[in-house]
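This is my_file.csv. It holds CSV, C-alpha atoms.
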chain,number,residue,atom,x,y,z
A,1,MET,CA,83.2,101.5,119.6
A,2,LYS,CA,84.3,104.9,118.5
A,3,ARG,CA,85.6,105.5,115.0
A,4,ALA,CA,87.8,107.9,113.1
A,5,LEU,CA,88.4,108.5,109.4
A,6,ILE,CA,92.1,108.8,108.6
A,7,ILE,CA,92.9,110.6,105.3
A,8,ILE,CA,96.5,110.1,104.3
A,9,ASP,CA,98.6,112.5,102.2
A,10,ILE,CA,96.0,113.7,99.7
A,11,GLN,CA,98.5,116.5,98.8
A,12,ASN,CA,99.2,118.4,95.6
A,13,ASP,CA,102.6,116.8,95.1
A,14,PHE,CA,101.0,113.3,94.8
A,15,CYS,CA,98.3,114.3,92.4
A,16,PRO,CA,98.5,115.0,88.7
A,17,GLY,CA,101.0,117.8,88.0
A,18,GLY,CA,103.0,117.1,91.1
A,19,PRO,CA,106.6,115.8,91.1
A,20,MET,CA,105.5,112.5,92.7
A,21,ALA,CA,102.1,112.3,91.0
A,22,VAL,CA,100.5,108.9,91.3
A,23,ARG,CA,98.1,107.7,88.6
A,24,ASP,CA,94.6,109.1,89.3
A,25,GLY,CA,95.7,110.4,92.7
A,26,ASP,CA,93.1,113.1,92.4
A,27,GLN,CA,90.3,110.5,92.2
A,28,THR,CA,90.8,109.9,95.9
A,29,VAL,CA,89.5,113.3,96.7
A,30,ALA,CA,85.8,112.7,96.0
A,31,VAL,CA,85.9,109.4,98.0
A,32,ALA,CA,87.6,111.2,100.9
A,33,ASN,CA,85.0,114.0,100.9
A,34,ARG,CA,82.1,111.5,100.8
A,35,PHE,CA,83.4,109.5,103.8
A,36,ALA,CA,84.4,112.7,105.7
A,37,ARG,CA,80.9,114.1,105.3
A,38,GLU,CA,79.4,110.8,106.6
A,39,PHE,CA,81.7,110.8,109.6
A,40,HIS,CA,81.2,114.5,110.3
A,41,ASP,CA,77.4,114.2,110.1
A,42,ARG,CA,77.5,111.3,112.7
A,43,GLY,CA,79.8,113.3,115.0
A,44,GLU,CA,82.7,111.0,114.3
A,45,CYS,CA,86.3,112.3,114.0
A,46,VAL,CA,88.0,113.1,110.7
A,47,VAL,CA,91.8,113.3,110.7
A,48,ALA,CA,94.2,114.2,107.8
A,49,LEU,CA,97.9,113.4,107.5
A,50,GLN,CA,100.5,115.4,105.5
A,51,ASP,CA,104.0,114.6,104.4
A,52,TRP,CA,105.8,117.6,105.8
A,53,HIS,CA,109.5,117.5,105.0
A,54,PRO,CA,112.4,120.0,105.4
A,55,ALA,CA,113.7,121.1,102.0
A,56,ASN,CA,116.9,119.2,102.7
A,57,HIS,CA,115.3,115.9,103.6
A,58,GLY,CA,117.6,112.9,103.4
A,59,SER,CA,115.1,110.8,101.3
A,60,PHE,CA,115.3,113.2,98.4
A,61,ALA,CA,117.3,112.1,95.3
A,62,SER,CA,118.4,115.8,95.0
A,63,ILE,CA,120.1,115.5,98.4
A,64,SER,CA,121.6,112.0,98.0
A,65,GLY,CA,122.8,112.6,94.5
A,66,GLU,CA,121.3,109.2,93.4
A,67,PRO,CA,118.8,108.6,90.6
A,68,VAL,CA,115.1,108.9,91.6
A,69,TYR,CA,113.3,105.7,92.5
A,70,THR,CA,116.5,103.8,93.1
A,71,LEU,CA,117.2,102.0,96.4
A,72,GLY,CA,119.9,103.0,98.9
A,73,GLU,CA,120.4,103.5,102.6
A,74,LEU,CA,119.6,106.4,104.9
A,75,ASN,CA,120.7,106.4,108.5
A,76,GLY,CA,120.9,102.6,108.6
A,77,LEU,CA,117.5,102.0,106.9
A,78,ALA,CA,116.7,101.0,103.3
A,79,GLN,CA,115.6,104.0,101.4
A,80,ILE,CA,114.1,104.8,98.0
A,81,TRP,CA,115.3,108.1,96.7
A,82,TRP,CA,112.3,110.2,95.9
A,83,PRO,CA,111.7,113.4,94.0
A,84,ASP,CA,111.5,116.4,96.2
A,85,HIS,CA,108.0,116.4,97.7
A,86,GLY,CA,105.9,117.5,100.6
A,87,ILE,CA,108.2,120.3,101.5
A,88,GLU,CA,106.8,122.1,104.6
A,89,ASN,CA,104.7,125.2,103.9
A,90,SER,CA,104.9,124.7,100.1
A,91,VAL,CA,102.0,124.6,97.7
A,92,GLY,CA,102.9,121.1,96.9
A,93,ALA,CA,102.6,120.0,100.5
A,94,ASP,CA,99.2,121.5,100.7
A,95,PHE,CA,96.1,119.4,100.5
A,96,HIS,CA,94.4,119.0,97.1
A,97,PRO,CA,92.3,122.1,96.7
A,98,ASP,CA,89.1,120.0,96.3
A,99,LEU,CA,89.5,118.2,99.6
A,100,ASP,CA,86.9,119.7,102.0
A,101,ARG,CA,89.0,120.9,104.9
A,102,SER,CA,85.9,122.1,106.8
A,103,LEU,CA,85.2,118.4,107.6
A,104,ILE,CA,88.7,117.8,109.1
A,105,ASP,CA,89.0,117.9,112.9
A,106,ALA,CA,92.8,117.5,113.1
A,107,VAL,CA,95.8,117.5,110.9
A,108,PHE,CA,99.1,115.7,111.7
A,109,HIS,CA,102.4,116.1,110.0
A,110,LYS,CA,105.0,113.4,109.4
A,111,GLY,CA,108.5,113.3,107.9
A,112,GLY,CA,110.1,116.3,109.8
A,113,ASP,CA,113.3,114.5,110.7
A,114,VAL,CA,115.9,115.0,107.9
A,115,GLU,CA,117.6,111.7,108.8
A,116,VAL,CA,114.7,109.3,108.5
A,117,ASP,CA,111.8,108.9,106.1
A,118,SER,CA,108.2,108.5,107.6
A,119,TYR,CA,105.7,106.6,105.5
A,120,SER,CA,103.4,105.7,108.5
A,121,ALA,CA,100.9,108.1,110.1
A,122,PHE,CA,102.1,106.7,113.5
A,123,PHE,CA,105.9,106.2,113.4
A,124,ASP,CA,109.0,107.1,111.4
A,125,ASN,CA,110.4,104.2,109.3
A,126,GLY,CA,112.7,103.1,112.0
A,127,HIS,CA,110.0,103.2,114.7
A,128,ARG,CA,112.3,105.5,116.6
A,129,ARG,CA,109.7,108.3,117.1
A,130,LYS,CA,105.9,108.4,117.2
A,131,THR,CA,103.7,111.1,115.7
A,132,GLU,CA,101.0,112.6,118.0
A,133,LEU,CA,98.3,110.7,116.2
A,134,ASP,CA,98.1,107.6,118.5
A,135,SER,CA,97.9,109.7,121.6
A,136,TRP,CA,95.2,112.0,120.1
A,137,LEU,CA,93.0,109.0,119.1
A,138,ARG,CA,93.4,107.3,122.5
A,139,GLU,CA,92.5,110.5,124.4
A,140,ARG,CA,89.2,110.4,122.5
A,141,GLY,CA,88.6,106.7,123.1
A,142,ILE,CA,88.8,105.8,119.4
A,143,SER,CA,89.3,102.1,118.7
A,144,ASP,CA,88.3,101.7,115.1
A,145,LEU,CA,89.9,103.4,112.0
A,146,VAL,CA,88.7,103.8,108.5
A,147,MET,CA,91.7,104.7,106.3
A,148,LEU,CA,92.3,105.9,102.7
A,149,GLY,CA,94.6,108.1,100.7
A,150,ILE,CA,97.9,108.1,98.9
A,151,ALA,CA,99.9,106.0,98.4
A,152,THR,CA,98.5,102.5,98.7
A,153,ASP,CA,101.9,100.8,98.6
A,154,TYR,CA,103.7,103.1,101.0
A,155,CYS,CA,102.1,105.6,103.3
A,156,VAL,CA,98.7,103.9,103.4
A,157,LYS,CA,100.1,100.4,103.8
A,158,TYR,CA,102.5,101.3,106.6
A,159,SER,CA,99.9,103.4,108.4
A,160,VAL,CA,97.5,100.5,108.3
A,161,LEU,CA,100.1,98.0,109.5
A,162,ASP,CA,101.2,100.2,112.4
A,163,ALA,CA,97.6,100.9,113.4
A,164,LEU,CA,96.9,97.1,113.5
A,165,GLU,CA,100.1,96.6,115.6
A,166,LEU,CA,98.9,99.3,118.0
A,167,GLY,CA,95.6,97.4,118.5
A,168,TYR,CA,93.2,99.4,116.4
A,169,ASN,CA,90.5,97.7,114.2
A,170,VAL,CA,91.1,98.9,110.7
A,171,GLU,CA,89.1,99.2,107.5
A,172,VAL,CA,90.7,100.3,104.3
A,173,VAL,CA,88.6,102.0,101.6
A,174,LYS,CA,90.1,100.6,98.4
A,175,GLU,CA,88.4,103.0,96.1
A,176,GLY,CA,89.9,105.9,98.1
A,177,CYS,CA,93.5,104.7,97.6
A,178,ARG,CA,96.0,105.1,94.7
A,179,GLY,CA,99.5,103.7,94.6
A,180,VAL,CA,103.0,104.6,93.3
A,181,ASN,CA,103.4,101.2,91.7
A,182,LEU,CA,107.1,101.2,91.0
A,183,ASN,CA,106.3,97.6,90.2
A,184,PRO,CA,102.9,97.1,88.5
A,185,ASP,CA,101.4,94.9,91.2
A,186,ASP,CA,102.7,96.8,94.3
A,187,SER,CA,99.3,98.2,95.2
A,188,GLU,CA,97.5,94.8,95.0
A,189,ILE,CA,100.3,93.2,97.0
A,190,ALA,CA,99.9,96.0,99.6
A,191,PHE,CA,96.2,95.3,99.9
A,192,GLU,CA,96.9,91.6,100.4
A,193,GLN,CA,99.5,92.4,103.1
A,194,MET,CA,97.1,94.7,104.9
A,195,ALA,CA,94.4,92.1,104.8
A,196,ALA,CA,96.7,89.3,105.9
A,197,GLN,CA,97.5,91.3,109.1
A,198,GLY,CA,93.8,91.8,109.9
A,199,ALA,CA,92.6,94.9,108.0
A,200,VAL,CA,89.2,94.7,106.4
A,201,LEU,CA,89.1,95.9,102.8
A,202,ILE,CA,86.0,97.8,101.8
Structure translated into structure tokens:
Amino acid sequence: MKRALIIIDIQNDFCPGGPMAVRDGDQTVAVANRFAREFHDRGECVVALQDWHPANHGSFASISGEPVYTLGELNGLAQIWWPDHGIENSVGADFHPDLDRSLIDAVFHKGGDVEVDSYSAFFDNGHRRKTELDSWLRERGISDLVMLGIATDYCVKYSVLDALELGYNVEVVKEGCRGVNLNPDDSEIAFEQMAAQGAVLI
């Protein structure tokens, strides 16, 4: 059994002060650092994901002309219209400054296609294209993933569900996750969905 820690989207735009700040998003940082240090000290891999969108990404409310956080359709898929976020090479797309990057072995980007959103660390929302993460993990013989980050009810949830579908064993660090919660119970429902598909909540 070889394990990797997967840190999802602990970026400035999703932390307090950002355009898509989730409540207490910055509280994920200390948890991520603690786990990353433990993995690093054991010689296990630490991977971080970033939303990395073109400035004209189709999921942005500013591009669609629709109100933020309302539901529409993008390229045949249901789409929530988000505030501009995770724009490639921007300060907002950068990792939270307190995240210890010296412990991170590899960084993967998602969301580069303007025509489809990408919540998952492994696929776009239409499962039309894969990121490089799965290949990278398999090349290293990694079978078990420990996952945390932002946001519980979107990028964490879909990353976990795809990881399970791909055959990984997955643990989710609840204290290291924070959600958008467009509806108040969205994060708890997300945890229940992950557990129902086989993830272990820790």
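Checking A:Ile63, A:Cys155, A:Ile150, A:Leu161 one by one against Gln11 (chain A), counting only C-alpha atoms, you find the shortest gap at A:Ile150.
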Pick out the closest residue to Asp162 (chain A) from this set: A:Ala195, A:Leu201, A:Val46, A:Ala121. Count all atoms listed in the file. A:Ala121
Please provide the set of residues having any atom within 12 Å of Arg37 (chain A), restricted to only C-alpha atoms, with same-chain residues fewer than 3 positions apart removed, written as number ranges by chain. A: 5, 30-34, 40-46, 99-105
Neighbouring residues of region 82-85 of chain A were defined as those with any atom within 10 Å, considering all atoms listed in the file; residues of the same chain fewer than 6 positions away were excluded. Please report them as number ranges by chain. A: 11-14, 18-21, 51-64, 66-71, 92-93
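CA of Gly167 (chain A) lies 10.5 Å from CA of Asp134 (chain A).
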For a cutoff of 10 Å around the file-coordinate point (90.9, 102.2, 99.9), which residues qualify once you count all atoms listed in the file? I'd like the result as a short mmCIF file (atom, residue, chain, number, x, y, z; two decimals) with C-alpha atoms, in the frame of the given file.
data_model
loop_
_atom_site.label_atom_id
_atom_site.label_comp_id
_atom_site.auth_asym_id
_atom_site.auth_seq_id
_atom_site.Cartn_x
_atom_site.Cartn_y
_atom_site.Cartn_z
CA THR A 28 90.80 109.90 95.90
CA VAL A 31 85.90 109.40 98.00
CA ALA A 32 87.60 111.20 100.90
CA VAL A 146 88.70 103.80 108.50
CA MET A 147 91.70 104.70 106.30
CA LEU A 148 92.30 105.90 102.70
CA GLY A 149 94.60 108.10 100.70
CA ILE A 150 97.90 108.10 98.90
CA ALA A 151 99.90 106.00 98.40
CA THR A 152 98.50 102.50 98.70
CA VAL A 156 98.70 103.90 103.40
CA GLU A 171 89.10 99.20 107.50
CA VAL A 172 90.70 100.30 104.30
CA VAL A 173 88.60 102.00 101.60
CA LYS A 174 90.10 100.60 98.40
CA GLU A 175 88.40 103.00 96.10
CA GLY A 176 89.90 105.90 98.10
CA CYS A 177 93.50 104.70 97.60
CA ARG A 178 96.00 105.10 94.70
CA PHE A 191 96.20 95.30 99.90
CA LEU A 201 89.10 95.90 102.80
CA ILE A 202 86.00 97.80 101.80
#
Pairwise distance for CA of Ile8 (chain A) and CA of Gly65 (chain A), rounded to one decimal in Å: 28.2 Å
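Distances here use only C-alpha atoms; by that measure, the residue among A:Glu139, A:Glu73, A:Asp186, A:Asp26 closest to Glu115 (chain A) is A:Glu73.
For the atom pair formed by CA of Ala190 (chain A) and CA of Tyr154 (chain A), the distance is 8.2 Å, given to one decimal.
Counting only C-alpha atoms and comparing A:Met194, A:Ile7, A:Asn125, A:Gly25, the residue that lies closest to Phe39 (chain A) is A:Ile7.
The shortest atom-to-atom distance to Val47 (chain A), with all atoms listed in the file taken into account, belongs to A:Leu137 out of A:Met1, A:Ala78, A:Leu137, A:Ile87.
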Using only C-alpha atoms, determine which residues lie at most 10 Å from Gln197 (chain A), disregarding the query and same-chain residues fewer than 6 positions distant; provide the list as a list of chain:residue names. A:Val160, A:Leu161, A:Leu164, A:Glu165
Quick one: write out the picked residues with C-alpha atoms as a tab-separated table (two decimals), in the coordinates of the input?
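Okay, again-v1.tsv is ready:
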chain	number	residue	atom	x	y	z
A	160	VAL	CA	97.50	100.50	108.30
A	161	LEU	CA	100.10	98.00	109.50
A	164	LEU	CA	96.90	97.10	113.50
A	165	GLU	CA	100.10	96.60	115.60
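Proximity to Ser159 (chain A) was assessed for A:Gly179, A:Phe122, A:Glu132, A:Gly141 counting all atoms listed in the file; the smallest distance is recorded for A:Phe122.
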Work out where the centre of an axis-aligned box around every listed atom of region 58-63 of chain A lies and how long its edges are once 6 Å is added on each side; give both in Å to one decimal as AutoDock Vina command-line options.
--center_x 117.6 --center_y 113.3 --center_z 99.2 --size_x 17.0 --size_y 17.0 --size_z 20.4
Grab region 157-170 of chain A from that structure and dump all heavy atoms to a file, as a JSON list (two decimals), in the first residue's frame.
[["chain", "number", "residue", "atom", "x", "y", "z"],
["A", 157, "LYS", "N", -15.71, 16.89, -3.04],
["A", 157, "LYS", "CA", -16.67, 15.80, -3.27],
["A", 157, "LYS", "C", -16.43, 15.11, -4.61],
["A", 157, "LYS", "O", -16.32, 13.87, -4.67],
["A", 157, "LYS", "CB", -18.11, 16.32, -3.21],
["A", 157, "LYS", "CG", -19.14, 15.22, -3.45],
["A", 157, "LYS", "CD", -20.57, 15.73, -3.36],
["A", 157, "LYS", "CE", -21.03, 16.36, -4.65],
["A", 157, "LYS", "NZ", -22.49, 16.63, -4.65],
["A", 158, "TYR", "N", -16.34, 15.88, -5.67],
["A", 158, "TYR", "CA", -16.20, 15.26, -6.99],
["A", 158, "TYR", "C", -14.83, 14.61, -7.17],
["A", 158, "TYR", "O", -14.72, 13.59, -7.87],
["A", 158, "TYR", "CB", -16.51, 16.27, -8.09],
["A", 158, "TYR", "CG", -17.99, 16.58, -8.17],
["A", 158, "TYR", "CD1", -18.52, 17.74, -7.62],
["A", 158, "TYR", "CD2", -18.88, 15.66, -8.73],
["A", 158, "TYR", "CE1", -19.88, 18.01, -7.66],
["A", 158, "TYR", "CE2", -20.24, 15.92, -8.78],
["A", 158, "TYR", "CZ", -20.73, 17.09, -8.24],
["A", 158, "TYR", "OH", -22.08, 17.34, -8.27],
["A", 159, "SER", "N", -13.81, 15.16, -6.53],
["A", 159, "SER", "CA", -12.49, 14.52, -6.57],
["A", 159, "SER", "C", -12.53, 13.16, -5.87],
["A", 159, "SER", "O", -11.98, 12.17, -6.37],
["A", 159, "SER", "CB", -11.44, 15.41, -5.92],
["A", 159, "SER", "OG", -11.29, 16.62, -6.61],
["A", 160, "VAL", "N", -13.19, 13.12, -4.72],
["A", 160, "VAL", "CA", -13.29, 11.87, -3.96],
["A", 160, "VAL", "C", -14.11, 10.83, -4.73],
["A", 160, "VAL", "O", -13.70, 9.68, -4.85],
["A", 160, "VAL", "CB", -13.92, 12.15, -2.58],
["A", 160, "VAL", "CG1", -14.32, 10.84, -1.89],
["A", 160, "VAL", "CG2", -12.95, 12.93, -1.70],
["A", 161, "LEU", "N", -15.24, 11.25, -5.27],
["A", 161, "LEU", "CA", -16.09, 10.30, -6.00],
["A", 161, "LEU", "C", -15.37, 9.75, -7.23],
["A", 161, "LEU", "O", -15.46, 8.55, -7.53],
["A", 161, "LEU", "CB", -17.41, 10.97, -6.40],
["A", 161, "LEU", "CG", -18.32, 11.38, -5.24],
["A", 161, "LEU", "CD1", -19.58, 12.06, -5.77],
["A", 161, "LEU", "CD2", -18.69, 10.20, -4.34],
["A", 162, "ASP", "N", -14.64, 10.60, -7.93],
["A", 162, "ASP", "CA", -13.89, 10.11, -9.10],
["A", 162, "ASP", "C", -12.74, 9.20, -8.67],
["A", 162, "ASP", "O", -12.46, 8.20, -9.34],
["A", 162, "ASP", "CB", -13.35, 11.29, -9.91],
["A", 162, "ASP", "CG", -14.41, 11.91, -10.82],
["A", 162, "ASP", "OD1", -15.46, 11.27, -11.04],
["A", 162, "ASP", "OD2", -14.18, 13.03, -11.32],
["A", 163, "ALA", "N", -12.08, 9.53, -7.58],
["A", 163, "ALA", "CA", -11.00, 8.68, -7.09],
["A", 163, "ALA", "C", -11.52, 7.27, -6.76],
["A", 163, "ALA", "O", -10.89, 6.26, -7.09],
["A", 163, "ALA", "CB", -10.33, 9.30, -5.87],
["A", 164, "LEU", "N", -12.67, 7.23, -6.12],
["A", 164, "LEU", "CA", -13.28, 5.93, -5.80],
["A", 164, "LEU", "C", -13.64, 5.17, -7.07],
["A", 164, "LEU", "O", -13.39, 3.97, -7.17],
["A", 164, "LEU", "CB", -14.52, 6.15, -4.92],
["A", 164, "LEU", "CG", -14.25, 6.67, -3.51],
["A", 164, "LEU", "CD1", -15.55, 7.18, -2.88],
["A", 164, "LEU", "CD2", -13.62, 5.60, -2.62],
["A", 165, "GLU", "N", -14.19, 5.87, -8.04],
["A", 165, "GLU", "CA", -14.57, 5.25, -9.30],
["A", 165, "GLU", "C", -13.34, 4.71, -10.03],
["A", 165, "GLU", "O", -13.41, 3.68, -10.71],
["A", 165, "GLU", "CB", -15.30, 6.27, -10.18],
["A", 165, "GLU", "CG", -15.85, 5.71, -11.47],
["A", 165, "GLU", "CD", -17.04, 4.79, -11.29],
["A", 165, "GLU", "OE1", -17.71, 4.87, -10.24],
["A", 165, "GLU", "OE2", -17.29, 3.97, -12.20],
["A", 166, "LEU", "N", -12.21, 5.38, -9.85],
["A", 166, "LEU", "CA", -10.97, 4.94, -10.49],
["A", 166, "LEU", "C", -10.29, 3.81, -9.72],
["A", 166, "LEU", "O", -9.26, 3.28, -10.17],
["A", 166, "LEU", "CB", -10.01, 6.13, -10.60],
["A", 166, "LEU", "CG", -10.37, 7.18, -11.66],
["A", 166, "LEU", "CD1", -9.57, 8.46, -11.45],
["A", 166, "LEU", "CD2", -10.14, 6.63, -13.08],
["A", 167, "GLY", "N", -10.84, 3.45, -8.57],
["A", 167, "GLY", "CA", -10.33, 2.30, -7.84],
["A", 167, "GLY", "C", -9.40, 2.59, -6.68],
["A", 167, "GLY", "O", -8.84, 1.67, -6.07],
["A", 168, "TYR", "N", -9.25, 3.86, -6.33],
["A", 168, "TYR", "CA", -8.41, 4.21, -5.18],
["A", 168, "TYR", "C", -9.18, 3.97, -3.88],
["A", 168, "TYR", "O", -10.42, 4.08, -3.83],
["A", 168, "TYR", "CB", -8.00, 5.68, -5.24],
["A", 168, "TYR", "CG", -7.07, 6.01, -6.37],
["A", 168, "TYR", "CD1", -7.55, 6.53, -7.57],
["A", 168, "TYR", "CD2", -5.69, 5.80, -6.25],
["A", 168, "TYR", "CE1", -6.69, 6.84, -8.62],
["A", 168, "TYR", "CE2", -4.82, 6.10, -7.30],
["A", 168, "TYR", "CZ", -5.34, 6.62, -8.48],
["A", 168, "TYR", "OH", -4.49, 6.91, -9.52],
["A", 169, "ASN", "N", -8.45, 3.67, -2.82],
["A", 169, "ASN", "CA", -9.00, 3.72, -1.47],
["A", 169, "ASN", "C", -8.85, 5.15, -0.98],
["A", 169, "ASN", "O", -7.78, 5.75, -1.12],
["A", 169, "ASN", "CB", -8.23, 2.77, -0.55],
["A", 169, "ASN", "CG", -8.27, 1.34, -1.04],
["A", 169, "ASN", "OD1", -9.33, 0.80, -1.35],
["A", 169, "ASN", "ND2", -7.11, 0.71, -1.16],
["A", 170, "VAL", "N", -9.91, 5.70, -0.42],
["A", 170, "VAL", "CA", -9.91, 7.14, -0.11],
["A", 170, "VAL", "C", -10.34, 7.39, 1.34],
["A", 170, "VAL", "O", -11.35, 6.86, 1.80],
["A", 170, "VAL", "CB", -10.86, 7.91, -1.05],
["A", 170, "VAL", "CG1", -10.83, 9.40, -0.73],
["A", 170, "VAL", "CG2", -10.49, 7.68, -2.51]]
